[in-house]
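Chemist: Structure below; questions to follow.
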Amino acid sequence: MVALSSIIPSIPVREVPDDLLERLLKDLDLVEFSPIRCTLIVEILQARWSEYVRAEQPTEEEFQQIVYKPLLPSFDPSTVSPQTWQNVQRYLYPTLSSVSSPSGRGFLAYLETLPAELHFDEDAMFECWITITAAAVQSKQLGIRSVNQEKMKQAIWHADFSIRLKAFSICTQNEDLLDERSVKGIKAAFVYNAALHVVG
């Protein structure tokens, strides 16, 4: 896996075995090398898109077909294993946050339009939103002023501690640390978590 991560970015996409992406997606439930595997998946899809763009005039629909659609089976929490879902949330979503389509829409905007049969419930969608938002803020692709403030309030006061931690990271790891939104978010996070500690 380590060798693949060194080779794939430096060779033409046409030389990458056609079934490699399928095999990487099949192994998403494995713990070992999960971050490298998810990065490779996105790199292969991006390389396929770059190759396509050289020959065609790209459209939003074609981008979704080439980059996002191969991943859809891995995004259904009702059918994948718990370990696959964890790896998707922890590694694949943040990697996809750096990918933008021809229209400038990010992966989260696409995910919100997925058909209902993928069984994305409200909790899964919210976890997806906070994961991608945190990754985008930390990588300086998104500023605190562009983050949905109503959702941020929900995240800061969320029952799931991992979501609260991601909300806290958005408030503390953005470029506008002294912005009113950042300061209020940090204060709210301290107040809520202190209350939880007091009540045991």
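Identifiers for the structure tokens are assigned positionally: chains receive A, B, ... in sequence, residues are indexed from 1 per chain, and ligands are indexed from 1 in the order shown.
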Determine, using only C-alpha atoms, which residues of stretch 55-155 of chain A have any atom at most 7 Å from an atom of stretch 162-168 of chain A, and tabulate each with its shortest atom pair and distance in Å to one decimal place, rows ordered by chain and then rising number, as a tab-separated table.
Modeler:
residue	atom	partner	partner_atom	distance
A:Glu127	CA	A:Ile163	CA	6.9
A:Ile130	CA	A:Lys166	CA	6.7
A:Thr131	CA	A:Lys166	CA	7.0
A:Ala134	CA	A:Lys166	CA	6.1
A:Met152	CA	A:Ala167	CA	6.5
A:Ala155	CA	A:Arg164	CA	5.6
Chemist: Take the residues from that selection and write them out as an mmCIF file, in the first residue's frame, keeping N, CA and C atoms.
Modeler:
data_model
loop_
_atom_site.group_PDB
_atom_site.id
_atom_site.type_symbol
_atom_site.label_atom_id
_atom_site.label_comp_id
_atom_site.auth_asym_id
_atom_site.auth_seq_id
_atom_site.Cartn_x
_atom_site.Cartn_y
_atom_site.Cartn_z
ATOM 1 N N GLU A 127 -23.243 14.229 10.675
ATOM 2 C CA GLU A 127 -21.874 13.783 10.929
ATOM 3 C C GLU A 127 -21.004 14.010 9.699
ATOM 4 N N ILE A 130 -20.249 17.910 9.463
ATOM 5 C CA ILE A 130 -19.252 18.418 10.405
ATOM 6 C C ILE A 130 -17.862 17.885 10.076
ATOM 7 N N THR A 131 -17.783 16.649 9.582
ATOM 8 C CA THR A 131 -16.491 16.062 9.228
ATOM 9 C C THR A 131 -15.843 16.805 8.072
ATOM 10 N N ALA A 134 -14.998 20.541 9.045
ATOM 11 C CA ALA A 134 -13.796 20.636 9.871
ATOM 12 C C ALA A 134 -12.533 20.470 9.026
ATOM 13 N N MET A 152 -23.502 24.968 13.342
ATOM 14 C CA MET A 152 -22.404 25.020 14.298
ATOM 15 C C MET A 152 -22.935 24.995 15.730
ATOM 16 N N ALA A 155 -23.821 21.548 16.527
ATOM 17 C CA ALA A 155 -22.639 20.704 16.710
ATOM 18 C C ALA A 155 -21.993 20.930 18.072
#
Chemist: Please provide the set of residues having any atom within 10 Å of stretch 50-59 of chain A, restricted to only C-alpha atoms, with same-chain residues fewer than 2 positions apart removed, written as an MDAnalysis selection string.
Modeler: chainID A and resid 12:14 44:48 61:66 101:103
Chemist: Name the residues in contact with stretch 189-195 of chain A at a cut-off of 12 Å, using only C-alpha atoms, excluding same-chain residues fewer than 3 positions from it; report them as a ChimeraX atom specification.
Modeler: /A:152-161,163-172,182-186,198-200
Chemist: What is the atom CA of A:Asn174 to atom CA of A:Val99 distance in Å?
Modeler: 19.2 Å
Chemist: Distance atom CA of A:Tyr91-atom CA of A:Arg105, one decimal place?
Modeler: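 Distance reported for this atom pair: 20.2 Å.
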Chemist: As an NGL selection string, please: every residue in chain A that DSSP puts in alpha helix (DSSP H).
Modeler: :A and (2-7 or 20-26 or 34-55 or 60-63 or 82-87 or 93-96 or 107-111 or 122-138 or 149-156 or 161-172 or 180-199)
Chemist: Compile the contact shell of A:Ser97 as a PyMOL selection string: residues with an atom at most 7 Å away, counting only C-alpha atoms, same-chain residues fewer than 4 positions apart removed.
Modeler: chain A and resi 93+106-107+132+135-136
Chemist: Using only N, CA, C and O atoms, please write the residues we just selected to a file, as a PDB file, in the first residue's frame.
Modeler:
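For reference, again17.pdb as written:
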ATOM      1  N   TYR A  93     -14.099  11.141   3.630  1.00  0.00           N
ATOM      2  CA  TYR A  93     -14.786  12.432   3.558  1.00  0.00           C
ATOM      3  C   TYR A  93     -13.816  13.610   3.605  1.00  0.00           C
ATOM      4  O   TYR A  93     -13.903  14.528   2.777  1.00  0.00           O
ATOM      5  N   GLY A 106     -18.854  21.708  -3.807  1.00  0.00           N
ATOM      6  CA  GLY A 106     -18.048  20.696  -3.147  1.00  0.00           C
ATOM      7  C   GLY A 106     -18.792  19.386  -2.993  1.00  0.00           C
ATOM      8  O   GLY A 106     -19.962  19.256  -3.372  1.00  0.00           O
ATOM      9  N   PHE A 107     -18.127  18.424  -2.397  1.00  0.00           N
ATOM     10  CA  PHE A 107     -18.698  17.096  -2.236  1.00  0.00           C
ATOM     11  C   PHE A 107     -19.934  17.109  -1.354  1.00  0.00           C
ATOM     12  O   PHE A 107     -20.901  16.390  -1.602  1.00  0.00           O
ATOM     13  N   ILE A 132     -16.623  17.037   7.019  1.00  0.00           N
ATOM     14  CA  ILE A 132     -16.085  17.719   5.836  1.00  0.00           C
ATOM     15  C   ILE A 132     -15.807  19.197   6.144  1.00  0.00           C
ATOM     16  O   ILE A 132     -14.791  19.747   5.721  1.00  0.00           O
ATOM     17  N   ALA A 135     -12.566  19.509   8.112  1.00  0.00           N
ATOM     18  CA  ALA A 135     -11.407  19.279   7.245  1.00  0.00           C
ATOM     19  C   ALA A 135     -11.155  20.480   6.341  1.00  0.00           C
ATOM     20  O   ALA A 135     -10.008  20.889   6.137  1.00  0.00           O
ATOM     21  N   ALA A 136     -12.221  21.067   5.815  1.00  0.00           N
ATOM     22  CA  ALA A 136     -12.084  22.215   4.919  1.00  0.00           C
ATOM     23  C   ALA A 136     -11.569  23.450   5.652  1.00  0.00           C
ATOM     24  O   ALA A 136     -10.751  24.209   5.126  1.00  0.00           O
TER      25      ALA A 136
END
Chemist: Using only C-alpha atoms, what table do you get, as a Markdown table, when you list each residue of stretch 63-153 of chain A with an atom no more than 9 Å from stretch 19-29 of chain A, its nearest pair of atoms, and their distance in Å rounded to one decimal, rows by chain then rising number?
Modeler:
| residue | atom | partner | partner_atom | distance |
| --- | --- | --- | --- | --- |
| A:Pro70 | CA | A:Glu22 | CA | 8.6 |
| A:Leu71 | CA | A:Leu25 | CA | 7.7 |
| A:Ser74 | CA | A:Leu25 | CA | 7.5 |
| A:Val80 | CA | A:Asp29 | CA | 8.4 |
| A:Ser81 | CA | A:Asp29 | CA | 6.8 |
| A:Pro82 | CA | A:Asp29 | CA | 7.9 |
| A:Gln83 | CA | A:Asp29 | CA | 5.1 |
| A:Thr84 | CA | A:Asp29 | CA | 4.0 |
| A:Trp85 | CA | A:Asp29 | CA | 7.8 |
| A:Gln86 | CA | A:Asp29 | CA | 8.4 |
| A:Asn87 | CA | A:Leu28 | CA | 6.8 |
| A:Val88 | CA | A:Leu28 | CA | 7.7 |
Chemist: Kindly save the residues from that selection, with all heavy atoms included, as a tab-separated table (two decimals), in the first residue's frame.
Modeler:
chain	number	residue	atom	x	y	z
A	70	PRO	N	-18.68	6.36	-8.45
A	70	PRO	CA	-18.05	5.09	-8.06
A	70	PRO	C	-17.99	4.88	-6.55
A	70	PRO	O	-17.84	3.74	-6.07
A	70	PRO	CB	-16.64	5.20	-8.64
A	70	PRO	CG	-16.77	6.16	-9.78
A	70	PRO	CD	-17.80	7.15	-9.32
A	71	LEU	N	-18.13	5.97	-5.79
A	71	LEU	CA	-18.01	5.87	-4.34
A	71	LEU	C	-19.34	5.63	-3.64
A	71	LEU	O	-19.36	5.29	-2.45
A	71	LEU	CB	-17.41	7.18	-3.79
A	71	LEU	CG	-16.04	7.58	-4.34
A	71	LEU	CD1	-15.66	8.95	-3.80
A	71	LEU	CD2	-14.98	6.56	-3.99
A	74	SER	N	-20.21	2.97	-0.99
A	74	SER	CA	-19.51	3.08	0.30
A	74	SER	C	-20.12	4.12	1.21
A	74	SER	O	-19.74	4.23	2.38
A	74	SER	CB	-18.04	3.46	0.07
A	74	SER	OG	-17.40	2.53	-0.78
A	80	VAL	N	-23.09	-0.84	4.55
A	80	VAL	CA	-21.67	-1.12	4.75
A	80	VAL	C	-21.42	-1.52	6.20
A	80	VAL	O	-22.24	-1.28	7.09
A	80	VAL	CB	-20.81	0.12	4.40
A	80	VAL	CG1	-20.99	0.50	2.95
A	80	VAL	CG2	-21.13	1.30	5.32
A	81	SER	N	-20.25	-2.12	6.43
A	81	SER	CA	-19.90	-2.54	7.78
A	81	SER	C	-19.58	-1.33	8.65
A	81	SER	O	-19.23	-0.27	8.14
A	81	SER	CB	-18.68	-3.46	7.73
A	81	SER	OG	-17.51	-2.73	7.38
A	82	PRO	N	-19.69	-1.47	9.97
A	82	PRO	CA	-19.34	-0.34	10.86
A	82	PRO	C	-17.92	0.17	10.65
A	82	PRO	O	-17.68	1.38	10.72
A	82	PRO	CB	-19.51	-0.95	12.27
A	82	PRO	CG	-20.51	-2.04	12.08
A	82	PRO	CD	-20.23	-2.61	10.73
A	83	GLN	N	-16.98	-0.73	10.36
A	83	GLN	CA	-15.60	-0.30	10.16
A	83	GLN	C	-15.46	0.49	8.86
A	83	GLN	O	-14.74	1.50	8.80
A	83	GLN	CB	-14.66	-1.50	10.12
A	83	GLN	CG	-13.18	-1.14	10.04
A	83	GLN	CD	-12.73	-0.29	11.21
A	83	GLN	OE1	-12.90	-0.67	12.36
A	83	GLN	NE2	-12.14	0.86	10.93
A	84	THR	N	-16.16	0.06	7.81
A	84	THR	CA	-16.14	0.81	6.55
A	84	THR	C	-16.71	2.21	6.77
A	84	THR	O	-16.14	3.21	6.32
A	84	THR	CB	-16.97	0.09	5.47
A	84	THR	OG1	-16.35	-1.16	5.16
A	84	THR	CG2	-17.04	0.93	4.19
A	85	TRP	N	-17.83	2.29	7.47
A	85	TRP	CA	-18.46	3.59	7.72
A	85	TRP	C	-17.52	4.50	8.52
A	85	TRP	O	-17.41	5.69	8.26
A	85	TRP	CB	-19.77	3.38	8.46
A	85	TRP	CG	-20.57	4.62	8.70
A	85	TRP	CD1	-20.97	5.12	9.89
A	85	TRP	CD2	-21.06	5.53	7.72
A	85	TRP	NE1	-21.69	6.28	9.72
A	85	TRP	CE2	-21.75	6.55	8.39
A	85	TRP	CE3	-20.98	5.59	6.32
A	85	TRP	CZ2	-22.36	7.61	7.73
A	85	TRP	CZ3	-21.59	6.64	5.66
A	85	TRP	CH2	-22.27	7.64	6.36
A	86	GLN	N	-16.82	3.91	9.48
A	86	GLN	CA	-15.88	4.69	10.28
A	86	GLN	C	-14.73	5.22	9.42
A	86	GLN	O	-14.33	6.39	9.54
A	86	GLN	CB	-15.31	3.84	11.42
A	86	GLN	CG	-14.37	4.60	12.34
A	86	GLN	CD	-13.86	3.75	13.48
A	86	GLN	OE1	-14.01	2.54	13.49
A	86	GLN	NE2	-13.25	4.36	14.46
A	87	ASN	N	-14.22	4.37	8.54
A	87	ASN	CA	-13.12	4.80	7.66
A	87	ASN	C	-13.58	5.86	6.66
A	87	ASN	O	-12.83	6.78	6.33
A	87	ASN	CB	-12.54	3.59	6.91
A	87	ASN	CG	-11.74	2.68	7.82
A	87	ASN	OD1	-11.26	3.10	8.87
A	87	ASN	ND2	-11.59	1.42	7.42
A	88	VAL	N	-14.81	5.71	6.17
A	88	VAL	CA	-15.37	6.71	5.25
A	88	VAL	C	-15.46	8.06	5.96
A	88	VAL	O	-15.05	9.09	5.42
A	88	VAL	CB	-16.76	6.27	4.74
A	88	VAL	CG1	-17.49	7.44	4.08
A	88	VAL	CG2	-16.61	5.13	3.74
Chemist: Provide the atom CA of A:Pro77 to atom CA of A:Gln89 distance in Å, to one decimal place.
Modeler: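 Between atom CA of A:Pro77 and atom CA of A:Gln89 the gap works out to 10.3 Å.
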Chemist: Pick the closest to A:Ala3 from A:Leu72, A:Ile36, A:Val16, A:Ile144: which is it, counting only C-alpha atoms?
Modeler: A:Ile36
Chemist: Write out as a list of chain:residue names which residues come within 10 Å of A:Ser139 when counting only C-alpha atoms, dropping same-chain ones fewer than 6 positions away.
Modeler: A:Pro94, A:Ser97, A:Ser98, A:Thr133, A:Gln173, A:Asn174, A:Glu175
